[in-house]
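Content type compact mmCIF, C-alpha atoms, from the file model-v5.txt:
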```
# COMPACT_ATOMS: atom_id res chain seq x y z
CA MET A 740 5.14 -16.79 12.48
CA TRP A 741 6.17 -13.16 12.22
CA LYS A 742 7.39 -11.50 15.42
CA ALA A 743 6.39 -7.87 14.80
CA LEU A 744 4.72 -5.43 12.44
CA LEU A 745 5.25 -1.76 11.68
CA ALA A 746 2.05 0.26 11.49
CA LEU A 747 1.48 3.91 10.62
CA GLU A 748 -0.81 5.93 12.88
CA VAL A 749 -1.87 8.59 10.44
CA ALA A 750 -3.43 11.30 12.63
CA SER A 751 -0.59 11.36 15.17
CA GLY A 752 2.07 10.88 12.47
CA LYS A 753 3.75 7.97 14.26
CA VAL A 754 5.51 4.79 13.17
CA LEU A 755 4.53 2.06 15.62
CA ARG A 756 6.03 -1.33 16.36
CA VAL A 757 3.40 -3.96 17.20
CA ASP A 758 4.73 -7.20 18.65
CA LEU A 759 3.08 -10.47 17.67
CA PRO A 760 1.04 -12.30 18.71
CA GLY A 761 0.28 -10.30 21.85
CA GLY A 762 -0.11 -6.84 20.34
CA GLU A 763 2.26 -4.88 22.58
CA VAL A 764 2.76 -1.46 21.00
CA ARG A 765 5.81 0.79 21.07
CA THR A 766 6.47 4.05 19.27
CA LEU A 767 9.37 3.69 16.85
CA VAL A 768 9.13 7.18 15.31
CA GLU A 769 7.30 9.91 17.21
CA THR A 770 7.09 12.39 14.33
CA ALA A 771 7.13 10.69 10.94
CA GLY A 772 5.95 13.72 8.98
CA PRO A 773 2.57 14.91 7.71
CA VAL A 774 0.10 12.09 6.96
CA PRO A 775 2.28 8.96 6.68
CA ASP A 776 0.72 6.30 4.47
CA GLY A 777 3.02 3.54 3.14
CA VAL A 778 5.76 1.65 4.98
CA VAL A 779 8.27 -1.10 4.15
CA VAL A 780 11.47 -2.55 5.60
CA ASP A 781 14.53 -3.16 3.41
CA SER A 782 18.05 -4.15 4.54
CA GLY A 783 17.82 -2.96 8.12
CA SER A 784 15.97 0.30 7.52
CA ALA A 785 12.32 1.25 7.69
CA TYR A 786 11.03 3.48 4.90
CA TRP A 787 7.73 5.35 4.75
CA THR A 788 5.88 7.79 2.52
CA THR A 789 4.14 10.98 3.56
CA MET A 790 1.15 12.47 1.79
CA GLY A 791 2.00 16.00 2.89
CA GLU A 792 -0.15 18.65 4.52
CA PRO A 793 -3.51 19.05 2.77
CA VAL A 794 -5.43 22.23 2.16
CA SER A 795 -8.58 21.90 4.23
CA ASP A 796 -12.06 23.04 3.29
CA PRO A 797 -14.03 23.53 6.51
CA GLY A 798 -17.28 23.39 4.55
CA ALA A 799 -16.72 19.81 3.38
CA PRO A 800 -16.83 16.93 5.85
CA GLY A 801 -14.10 14.31 6.33
CA GLU A 802 -11.71 13.42 3.54
CA ALA A 803 -13.81 15.27 0.98
CA GLY A 804 -12.52 18.48 2.54
CA GLN A 805 -8.85 17.51 2.32
CA ASP A 806 -7.04 18.59 -0.84
CA PHE A 807 -3.70 16.79 -1.26
CA SER A 808 -2.92 18.08 -4.74
CA ARG A 809 -0.01 20.25 -3.57
CA ARG A 810 3.39 18.71 -4.22
CA ASN A 811 4.56 18.26 -0.63
CA GLY A 812 4.94 14.51 -0.10
CA GLY A 813 8.19 12.65 0.58
CA ILE A 814 9.91 9.36 1.43
CA HIS A 815 11.78 9.01 4.69
CA ALA A 816 13.95 6.40 6.41
CA LEU A 817 15.02 5.15 9.82
CA ASP A 818 18.07 2.95 10.37
CA LEU A 819 16.70 0.27 12.70
CA GLY A 820 20.12 -0.33 14.20
CA SER A 821 21.48 3.15 14.83
CA GLY A 822 18.22 5.10 14.96
CA ALA A 823 19.53 7.60 12.39
CA ARG A 824 16.90 9.29 10.24
CA ARG A 825 17.21 10.68 6.74
CA ASP A 826 15.15 11.68 3.73
CA VAL A 827 15.25 9.42 0.70
CA LEU A 828 13.18 12.02 -1.13
CA ALA A 829 12.71 15.30 0.70
CA THR A 830 9.30 16.84 1.25
CA GLY A 831 8.14 18.28 -2.05
CA ALA A 832 9.87 15.72 -4.24
CA ILE A 833 6.57 13.87 -4.83
CA THR A 834 2.93 14.84 -4.59
CA THR A 835 1.08 12.30 -2.42
CA GLY A 836 3.00 9.24 -1.25
CA LYS A 837 0.74 6.21 -0.81
CA GLN A 838 1.58 2.49 -0.46
CA LEU A 839 5.32 1.77 -0.50
CA THR A 840 6.99 -1.52 -1.35
CA SER A 841 10.46 -2.83 -2.10
CA ASP A 842 12.05 -5.35 -4.44
CA GLY A 843 14.19 -6.54 -1.51
CA ASP A 844 17.33 -5.36 -3.27
CA GLY A 845 17.42 -1.65 -2.59
CA THR A 846 14.70 -0.26 -4.87
CA LEU A 847 11.50 1.30 -3.52
CA TYR A 848 8.21 1.56 -5.43
CA TRP A 849 5.16 3.63 -4.50
CA GLY A 850 1.87 5.02 -5.68
CA ASP A 851 1.60 8.81 -5.95
CA ARG A 852 -2.14 9.44 -5.76
CA GLU A 853 -2.63 13.06 -6.79
CA GLY A 854 0.54 12.75 -8.86
CA HIS A 855 -1.31 10.18 -11.02
CA ARG A 856 1.76 7.94 -11.15
CA VAL A 857 3.74 4.98 -9.92
CA SER A 858 7.44 5.62 -9.37
CA ARG A 859 10.61 4.06 -8.03
CA VAL A 860 13.92 5.13 -6.48
CA ARG A 861 16.95 3.48 -4.94
CA THR A 862 17.08 3.55 -1.15
CA ASP A 863 19.98 6.02 -1.33
CA GLY A 864 17.78 8.47 -3.25
CA SER A 865 19.31 7.83 -6.66
CA GLY A 866 17.60 6.65 -9.82
CA LEU A 867 14.25 8.39 -9.31
CA ALA A 868 12.01 7.40 -12.23
CA ASP A 869 8.33 7.29 -13.12
CA LEU A 870 7.02 3.95 -14.38
CA VAL A 871 3.38 4.90 -14.98
CA VAL A 872 1.97 8.40 -15.47
CA ASN A 873 -1.76 8.88 -16.09
CA PRO A 874 -3.02 12.05 -17.80
CA PRO A 875 -4.32 14.78 -15.45
CA ALA A 876 -7.57 14.70 -17.41
CA THR A 877 -8.35 11.26 -15.96
CA GLY A 878 -8.98 12.97 -12.61
CA ILE A 879 -9.69 10.71 -9.65
CA LEU A 880 -9.97 7.68 -11.94
CA GLY A 881 -6.26 8.01 -12.73
CA GLU A 882 -5.04 8.24 -9.14
CA CYS A 883 -2.62 5.43 -8.18
CA VAL A 884 -2.62 4.07 -4.62
CA GLY A 885 -1.47 0.50 -3.91
CA VAL A 886 1.63 -1.17 -5.38
CA ALA A 887 3.22 -4.62 -5.52
CA VAL A 888 6.21 -5.92 -7.47
CA ASP A 889 6.97 -9.37 -8.83
CA VAL A 890 10.69 -9.37 -9.52
CA ALA A 891 10.78 -12.98 -10.73
CA ARG A 892 8.22 -12.35 -13.46
CA GLY A 893 9.17 -8.72 -14.04
CA HIS A 894 5.74 -7.31 -13.21
CA LEU A 895 4.42 -4.20 -11.48
CA TYR A 896 0.89 -4.17 -10.02
CA TRP A 897 -1.03 -1.13 -8.81
CA THR A 898 -4.51 0.01 -7.80
CA GLN A 899 -6.53 2.96 -9.05
CA LYS A 900 -9.28 3.24 -6.46
CA GLY A 901 -11.58 5.66 -8.26
CA PRO A 902 -14.16 7.81 -6.44
CA ALA A 903 -14.95 7.09 -2.80
CA LYS A 904 -17.47 4.23 -2.65
CA GLY A 905 -17.75 4.65 -6.41
CA GLY A 906 -17.46 1.08 -7.71
CA GLN A 907 -14.96 2.14 -10.37
CA GLY A 908 -11.76 0.75 -8.84
CA ARG A 909 -9.21 -1.12 -10.93
CA ILE A 910 -6.10 -3.25 -10.49
CA LEU A 911 -3.55 -3.02 -13.30
CA ARG A 912 -0.29 -4.64 -14.35
CA ALA A 913 2.69 -3.66 -16.48
CA GLY A 914 6.36 -4.57 -16.78
CA LEU A 915 8.85 -3.44 -14.16
CA ASP A 916 10.72 -1.81 -17.02
CA ILE A 917 9.18 0.43 -19.65
CA PRO A 918 9.24 -1.12 -23.15
CA ALA A 919 11.97 0.16 -25.44
CA GLY A 920 11.02 3.33 -27.27
CA GLU A 921 8.13 4.11 -24.90
CA ASP A 922 7.77 6.23 -21.79
CA ALA A 923 5.79 6.31 -18.56
CA GLU A 924 2.98 8.32 -20.17
CA ASN A 925 2.64 6.01 -23.16
CA ARG A 926 3.06 2.30 -22.45
CA THR A 927 1.59 -0.48 -24.58
CA ASP A 928 2.06 -3.18 -21.93
CA VAL A 929 -0.51 -1.96 -19.36
CA GLU A 930 -3.17 -4.56 -18.57
CA VAL A 931 -6.39 -3.96 -16.63
CA LEU A 932 -6.78 -7.13 -14.56
CA TRP A 933 -9.85 -6.16 -12.50
CA SER A 934 -12.32 -3.31 -12.98
CA GLY A 935 -15.56 -2.28 -11.34
CA LEU A 936 -14.16 -2.91 -7.86
CA PRO A 937 -15.62 -0.92 -4.95
CA GLU A 938 -12.42 0.92 -3.95
CA PRO A 939 -9.20 -1.17 -3.91
CA ILE A 940 -6.36 0.19 -1.78
CA ASP A 941 -3.21 -1.71 -0.73
CA LEU A 942 -1.77 -4.79 -2.44
CA HIS A 943 0.29 -7.78 -1.32
CA LEU A 944 1.68 -10.40 -3.69
CA ALA A 945 2.24 -13.85 -2.19
CA GLY A 946 3.25 -16.59 -4.58
CA ASP A 947 0.66 -16.87 -7.34
CA ARG A 948 -1.97 -14.87 -5.49
CA LEU A 949 -2.62 -11.18 -5.20
CA TYR A 950 -4.24 -9.90 -1.99
CA TRP A 951 -5.81 -6.48 -1.54
CA THR A 952 -7.81 -4.35 0.86
CA ASP A 953 -10.91 -2.51 -0.31
CA ARG A 954 -12.43 0.43 1.55
CA GLY A 955 -15.46 0.76 -0.68
CA ALA A 956 -19.13 0.19 0.06
CA PRO A 957 -20.22 -3.18 1.51
CA PRO A 958 -20.84 -5.96 0.82
CA ALA A 959 -17.90 -6.17 -1.59
CA GLY A 960 -16.13 -3.22 0.02
CA ASN A 961 -14.45 -2.81 3.40
CA THR A 962 -13.03 -6.23 2.74
CA LEU A 963 -9.90 -8.32 2.39
CA ASN A 964 -9.71 -9.99 -1.02
CA ARG A 965 -7.50 -12.31 -3.00
CA ALA A 966 -7.36 -13.83 -6.46
CA ALA A 967 -4.98 -15.84 -8.58
CA VAL A 968 -2.52 -13.80 -10.62
CA PRO A 969 -3.81 -13.90 -14.21
CA SER A 970 -1.72 -15.20 -17.07
CA PRO A 971 -0.37 -12.53 -19.45
CA GLY A 972 -3.21 -11.09 -21.48
CA ALA A 973 -5.91 -12.74 -19.38
CA PRO A 974 -8.36 -10.89 -17.10
CA GLY A 975 -8.54 -11.62 -13.40
CA GLU A 976 -11.02 -14.14 -12.06
CA PRO A 977 -13.70 -12.90 -9.61
CA PRO A 978 -11.94 -12.25 -6.28
CA GLU A 979 -12.48 -14.28 -3.15
CA ILE A 980 -13.61 -12.18 -0.18
CA LEU A 981 -11.70 -13.45 2.85
CA ALA A 982 -13.10 -11.05 5.47
CA GLY A 983 -15.32 -7.99 5.72
CA GLY A 984 -16.71 -5.50 8.16
CA PHE A 985 -13.58 -3.34 8.44
CA GLN A 986 -13.78 0.38 9.15
CA GLU A 987 -12.12 1.71 5.99
CA ALA A 988 -9.60 -1.08 5.33
CA ILE A 989 -6.17 0.22 4.26
CA GLY A 990 -2.95 -1.56 5.30
CA LEU A 991 -2.13 -5.17 4.46
CA ALA A 992 0.64 -7.65 5.22
CA VAL A 993 0.36 -11.40 4.57
CA ASP A 994 2.34 -14.03 6.48
CA SER A 995 1.93 -16.90 4.04
CA GLU A 996 3.92 -19.38 6.12
CA ALA A 997 1.69 -18.86 9.17
CA GLY A 998 -1.44 -18.46 7.05
CA ILE A 999 -2.41 -15.08 8.52
CA ALA A 1000 -3.26 -11.79 6.83
CA TYR A 1001 -2.92 -8.60 8.88
CA VAL A 1002 -5.25 -5.72 8.03
CA SER A 1003 -5.28 -2.18 9.44
CA ASP A 1004 -8.11 0.30 9.06
CA LEU A 1005 -8.93 3.95 9.62
CA GLY A 1006 -11.03 2.93 12.62
CA GLY A 1007 -7.70 2.20 14.33
CA HIS A 1008 -8.10 -1.58 14.35
CA LEU A 1009 -5.32 -4.04 13.58
CA HIS A 1010 -6.79 -7.42 12.67
CA ALA A 1011 -5.32 -10.90 12.23
CA VAL A 1012 -7.30 -12.84 9.63
CA PRO A 1013 -6.55 -16.60 9.34
CA LEU A 1014 -6.42 -17.71 5.72
CA PRO A 1015 -8.86 -20.51 4.85
CA ASP A 1016 -6.21 -22.79 3.37
CA GLY A 1017 -3.29 -22.05 5.72
CA PRO A 1018 -2.00 -23.47 9.01
CA ALA A 1019 -4.29 -21.11 10.97
CA ALA A 1020 -7.45 -22.17 9.08
CA GLY A 1021 -10.44 -22.45 11.36
CA GLU A 1022 -9.05 -20.11 14.00
CA PRO A 1023 -11.17 -17.04 14.71
CA ARG A 1024 -10.30 -13.66 13.29
CA HIS A 1025 -9.18 -11.41 16.11
CA GLU A 1026 -8.13 -7.86 16.83
CA ILE A 1027 -4.48 -7.50 17.84
CA ALA A 1028 -4.60 -3.84 18.86
CA THR A 1029 -6.85 -0.78 18.81
CA LEU A 1030 -5.00 2.46 18.12
CA GLY A 1031 -5.56 5.72 16.31
CA PRO A 1032 -6.51 5.66 12.60
CA LEU A 1033 -4.07 3.36 10.77
CA THR A 1034 -2.76 3.36 7.22
CA GLY A 1035 0.30 1.39 6.07
CA LEU A 1036 1.40 -1.94 7.48
CA THR A 1037 4.45 -4.14 6.94
CA ARG A 1038 6.49 -6.92 8.49
CA LEU A 1039 9.34 -5.82 10.75
CA ARG A 1040 12.20 -8.04 9.67
```

Let me see the structure of the file written as structure tokens.
Amino acid sequence: MWKALLALEVASGKVLRVDLPGGEVRTLVETAGPVPDGVVVDSGSAYWTTMGEPVSDPGAPGEAGQDFSRRNGGIHALDLGSGARRDVLATGAITTGKQLTSDGDGTLYWGDREGHRVSRVRTDGSGLADLVVNPPATGILGECVGVAVDVARGHLYWTQKGPAKGGQGRILRAGLDIPAGEDAENRTDVEVLWSGLPEPIDLHLAGDRLYWTDRGAPPAGNTLNRAAVPSPGAPGEPPEILAGGFQEAIGLAVDSEAGIAYVSDLGGHLHAVPLPDGPAAGEPRHEIATLGPLTGLTRLR
């Protein structure tokens, strides 16, 4: 069983350590930057994305009044041993940093929502490259959010959530490397695995299964889902809903060995969801901690 998680408290801009199973909370980073969203640990350092400061419209309620289209996102790091902080990509290098993941060997991948792209960079800031770029004309339908990588099979997965509660979300797949002679804007290897989803957000790949959170409209939205990874060229099977009733489900981390999925939501709840076919099957779902609104979630190694 995992010993701790890192969670991002988005309104306060904090990186939190949450010990397991008891839920004791400590602040790891007091000021992570404006609107932190994705977090991952790689080789003794924690990395996180920031969405940047939005332009607010006081006449529009909630997120509808937050415009993140300015290019003022970044990727930041904390050495977990020394406590030293640095920028992997300084504020302004990306548009809107969303879920962040790693290949475990020094390369970070993330969704850039208003940037309409999925990109990668080495943890030292070198090798910045776009892997997928959707045309601006696609609007909100082309915004990329969640990411997962399958190094063994050479695959990249990502979500395009579509409009809020719009039922137009998709999960897509392509190669980790762009085919020869092509570019990020024009790839022939992109597959749409699932479409018509409520509003898929963060992804987690565990073995032959893909897990994801969905913050869309119930009953299929505000859920934790999973499905078998499709064979090349095949569409995804209908997903299995593992849990529902979240308050805008966002972050996701799956401890396959313990059979527990951890889900964070914008209501500030951090949930432990026993998987139906794991060692914790039959145990009740429970809330580990209640905090401020939460976004990204990852294992603290």

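Closest approach to Gly1006 of chain A among A:Gly752, A:Pro1032, A:Gly984, A:Gly990 is made by A:Pro1032 (distances from all atoms listed in the file).
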
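When only C-alpha atoms are used to measure the gap to Gly1021 of chain A, the shortest distance among A:Ala771, A:Ile999, A:Ala876, A:Leu1036 belongs to A:Ile999.
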
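Across A:Val754, A:Leu759, A:Lys904, A:Asn925, the tightest approach to His1010 of chain A is made by A:Leu759 when counting only C-alpha atoms.
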
Atomic separation - atom CA of Gly812 of chain A relative to atom CA of Glu853 of chain A, Å
10.2 Å

Could you please give me, as a compact mmCIF listing (two decimals) with C-alpha atoms, in the frame of the given file, the residues of protein, DNA or RNA lying at most 7 Å from (-12.1, 4.0, 8.4) in the coordinate frame of the file, considering all atoms listed in the file?
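The file below, out33.txt, is the result:
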```txt
# COMPACT_ATOMS: atom_id res chain seq x y z
CA GLN A 986 -13.78 0.38 9.15
CA GLU A 987 -12.12 1.71 5.99
CA ALA A 988 -9.60 -1.08 5.33
CA ASP A 1004 -8.11 0.30 9.06
CA LEU A 1005 -8.93 3.95 9.62
CA GLY A 1006 -11.03 2.93 12.62
```

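Proximity of A:Leu991, A:Leu870, A:Leu1039, A:Ala1011 to Gly783 of chain A, computed with only C-alpha atoms, is greatest for A:Leu1039.
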
Contacts of Ser821 of chain A at 12 Å (all atoms listed in the file; same-chain gap of 5+ positions) as a list in words
Gly783, Ser784, Ala785 and Ala816 of chain A

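In this comparison, which uses only C-alpha atoms, the residue of A:Asn964, A:Ser934, A:Ser970, A:Gln838 approaching Leu1014 of chain A most closely is A:Asn964.
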
In the coordinate frame of the file, compute which residues have an atom within 8 Å of (-12.5, -11.5, -12.1) when using only C-alpha atoms, and state them as an MDAnalysis selection string.
chainID A and resid 932:933 966 974:978

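You can rank A:Gly1035, A:Gly881, A:Gly831, A:Gly998 by their closest distance to Glu792 of chain A using all atoms listed in the file, and at the top of that list sits A:Gly831.
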
Residues at most 9 Å from Ala832 of chain A, counting only C-alpha atoms, excluding those fewer than 4 positions away in the same chain, as a PyMOL selection string?
chain A and resi 810-814+828

Selection above as a file: C-alpha atoms, as a PDB file, in the frame of the given file:
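What landed in result_26.pdb:
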```pdb
ATOM      1  CA  ARG A 810       3.390  18.710  -4.220  1.00  0.00           C
ATOM      2  CA  ASN A 811       4.560  18.260  -0.630  1.00  0.00           C
ATOM      3  CA  GLY A 812       4.940  14.510  -0.100  1.00  0.00           C
ATOM      4  CA  GLY A 813       8.190  12.650   0.580  1.00  0.00           C
ATOM      5  CA  ILE A 814       9.910   9.360   1.430  1.00  0.00           C
ATOM      6  CA  LEU A 828      13.180  12.020  -1.130  1.00  0.00           C
TER       7      LEU A 828
END
```

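Across the model, the gap from atom CA of Pro773 of chain A to atom CA of Tyr896 of chain A is 26.1 Å.
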